[in-house]
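Read through the structure below, which is laid out as structure tokens, and then see the notes.
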Amino acid sequence: MSLLTYPVARIDGKLTFYFVSENPFSGNPIYKVVTYGPLIKYGVIYYNLGFGDYDEITGLANDKAISNNGDMRKILATVVSTLKVFFTEHPSEVVHIEGSDKTRKDYYHKLINDYWYNIQELYFVQGCNNGVKEVFQKGMKYEFILISLKKS
Amino acid sequence: MPALSPKKPLNSQEAKLVKYLSSVKEEDIFPEKNKKAVENLLKAGLIKEDQLPEWFTRP
């Protein structure tokens, strides 16, 4: 994908990454955390792509925080860039993506819709509703999205 | 590869974040969704109490 992304740092070889969202106007850096952890959904084990802000007050990551640094597109493109690392190491696994609220769900759908031609070159994308999976259809809304490496 | 090591010294907040992320498992960073899914499986009888993952019962 030829999208602008932030540099990403990885933690100790784990499937945990972080990057810094910089607002050129406010100058407030926001630390973003991306993880891939096991998740059971409808009896199937996936790797859930977790994504959120680091809350310096609680000292924890929070996937419900709403930060508006004006760079959502660059942030999501950076999150997507970590898929490359994940699939290099886990080529047979499936990544589960589900927004923690309607806004995030809508944004993930929009990202895939907007960059569908870039994404579908590398990845096989499915949408799932009520346990029924189908090939991701542009314009459809899904409960969650599954991404796997496209078999050549 | 998009994942790069930070090249500059970490500020205090970033150092705190790295320390935190180093100390937890991936599945414990955003555990809520995972827990909800396991709870649903448990309610539906698709898994039993003795099949619960270790992180689910951890206080």
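Chain labels A, B, ... are given in the sequence in which chains occur in the structure tokens; within each chain residues are numbered consecutively from 1, and ligands are likewise numbered from 1 in the order shown.
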
Proximal residues of chain A relative to chain B (only C-alpha atoms; 6 Å) as a PyMOL selection string: chain A and resi 8-9+35+37+39

Mind checking which residues fall within 10 Å of stretch 130-144 of chain A, counting only C-alpha atoms, ignoring those fewer than 2 positions away in the same chain, and posting them as a tab-separated table (two decimals) with N, CA and C atoms, in the first residue's frame?
```
chain	number	residue	atom	x	y	z
A	41	LYS	N	-13.73	-17.05	18.29
A	41	LYS	CA	-14.98	-16.47	17.78
A	41	LYS	C	-15.74	-17.57	17.04
A	42	TYR	N	-16.96	-17.80	17.46
A	42	TYR	CA	-17.78	-18.88	16.86
A	42	TYR	C	-16.99	-20.19	16.81
A	43	GLY	N	-16.23	-20.42	17.90
A	43	GLY	CA	-15.51	-21.69	18.01
A	43	GLY	C	-14.23	-21.78	17.20
A	96	HIS	N	-8.36	-11.22	12.89
A	96	HIS	CA	-9.73	-10.77	13.15
A	96	HIS	C	-9.69	-9.27	13.45
A	97	ILE	N	-10.55	-8.52	12.78
A	97	ILE	CA	-10.60	-7.07	13.02
A	97	ILE	C	-12.04	-6.68	13.32
A	98	GLU	N	-12.21	-6.04	14.46
A	98	GLU	CA	-13.56	-5.60	14.85
A	98	GLU	C	-13.42	-4.30	15.62
A	99	GLY	N	-14.07	-3.27	15.18
A	99	GLY	CA	-14.00	-2.00	15.90
A	99	GLY	C	-14.68	-2.12	17.26
A	105	LYS	N	-15.87	0.63	13.77
A	105	LYS	CA	-16.30	-0.38	12.79
A	105	LYS	C	-16.45	0.27	11.41
A	106	ASP	N	-17.14	1.43	11.40
A	106	ASP	CA	-17.37	2.14	10.13
A	106	ASP	C	-16.05	2.55	9.50
A	108	TYR	N	-13.06	1.15	9.85
A	108	TYR	CA	-12.32	-0.01	9.32
A	108	TYR	C	-12.93	-0.44	7.98
A	109	HIS	N	-14.27	-0.41	7.92
A	109	HIS	CA	-14.92	-0.75	6.65
A	109	HIS	C	-14.53	0.25	5.56
A	110	LYS	N	-14.51	1.51	5.94
A	110	LYS	CA	-14.20	2.56	4.96
A	110	LYS	C	-12.76	2.40	4.46
A	112	ILE	N	-11.00	-0.31	4.25
A	112	ILE	CA	-10.91	-1.45	3.32
A	112	ILE	C	-11.59	-1.10	2.00
A	113	ASN	N	-12.73	-0.44	2.07
A	113	ASN	CA	-13.41	-0.02	0.83
A	113	ASN	C	-12.53	0.90	0.00
A	114	ASP	N	-11.95	1.92	0.66
A	114	ASP	CA	-11.16	2.92	-0.06
A	114	ASP	C	-9.89	2.32	-0.69
A	116	TRP	N	-9.38	-0.95	-1.34
A	116	TRP	CA	-9.68	-2.32	-1.70
A	116	TRP	C	-8.71	-2.87	-2.74
A	120	GLN	N	-6.57	-6.11	-1.68
A	120	GLN	CA	-6.92	-7.42	-2.25
A	120	GLN	C	-5.78	-8.01	-3.09
A	124	PHE	N	-6.52	-11.86	1.47
A	124	PHE	CA	-7.86	-12.38	1.24
A	124	PHE	C	-8.73	-11.86	2.37
A	125	VAL	N	-9.77	-11.11	2.05
A	125	VAL	CA	-10.57	-10.45	3.08
A	125	VAL	C	-11.98	-11.04	3.09
A	126	GLN	N	-12.44	-11.40	4.29
A	126	GLN	CA	-13.79	-11.91	4.45
A	126	GLN	C	-14.54	-11.06	5.47
A	127	GLY	N	-15.86	-11.00	5.32
A	127	GLY	CA	-16.69	-10.35	6.31
A	127	GLY	C	-17.53	-11.42	6.98
A	128	CYS	N	-17.89	-11.18	8.25
A	128	CYS	CA	-18.69	-12.20	8.95
A	128	CYS	C	-19.84	-11.54	9.70
A	146	LEU	N	-12.21	-10.58	8.58
A	146	LEU	CA	-11.11	-11.55	8.68
A	146	LEU	C	-10.15	-11.33	7.52
A	147	ILE	N	-8.87	-11.31	7.85
A	147	ILE	CA	-7.86	-11.10	6.81
A	147	ILE	C	-6.83	-12.22	6.88
```

Computed interatomic separation between atom CA of A:Pro38 and atom CA of A:Lys74 (Å):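 Rounded to one decimal, the two atoms are 25.9 Å apart.
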
Neighbour list for A:Lys32 as a PyMOL selection string, cut-off 10 Å, only C-alpha atoms, skip fewer than 6 positions in-chain: (chain A and resi 8+17-21+51-55+61-63+75+78-79) or (chain B and resi 17)

Distance in Å - atom CA of B:Gly45 versus atom CA of A:Val44: 14.7 Å

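Atom CA of A:Arg104 is positioned 28.0 Å from atom CA of B:Ala15.
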
A:Glu121 surroundings by only C-alpha atoms, 10 Å radius, close-in-sequence under 2 positions cut, as a PyMOL selection string: chain A and resi 1+116-119+123-124+149-150+152

Write out the residues from the selection above, keeping C-alpha atoms, as a compact mmCIF listing (two decimals), in the first residue's frame.
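Produced file part.txt, reproduced below:
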```
# COMPACT_ATOMS: atom_id res chain seq x y z
CA MET A 1 0.00 0.00 0.00
CA TRP A 116 -9.68 -2.32 -1.70
CA TYR A 117 -7.58 -2.60 -4.83
CA ASN A 118 -4.34 -2.31 -2.82
CA ILE A 119 -5.48 -4.66 -0.07
CA TYR A 123 -4.73 -10.27 1.33
CA PHE A 124 -7.86 -12.38 1.24
CA LEU A 149 -2.59 -13.94 3.31
CA LYS A 150 -3.64 -14.39 -0.28
CA SER A 152 -0.60 -17.21 -4.89
```
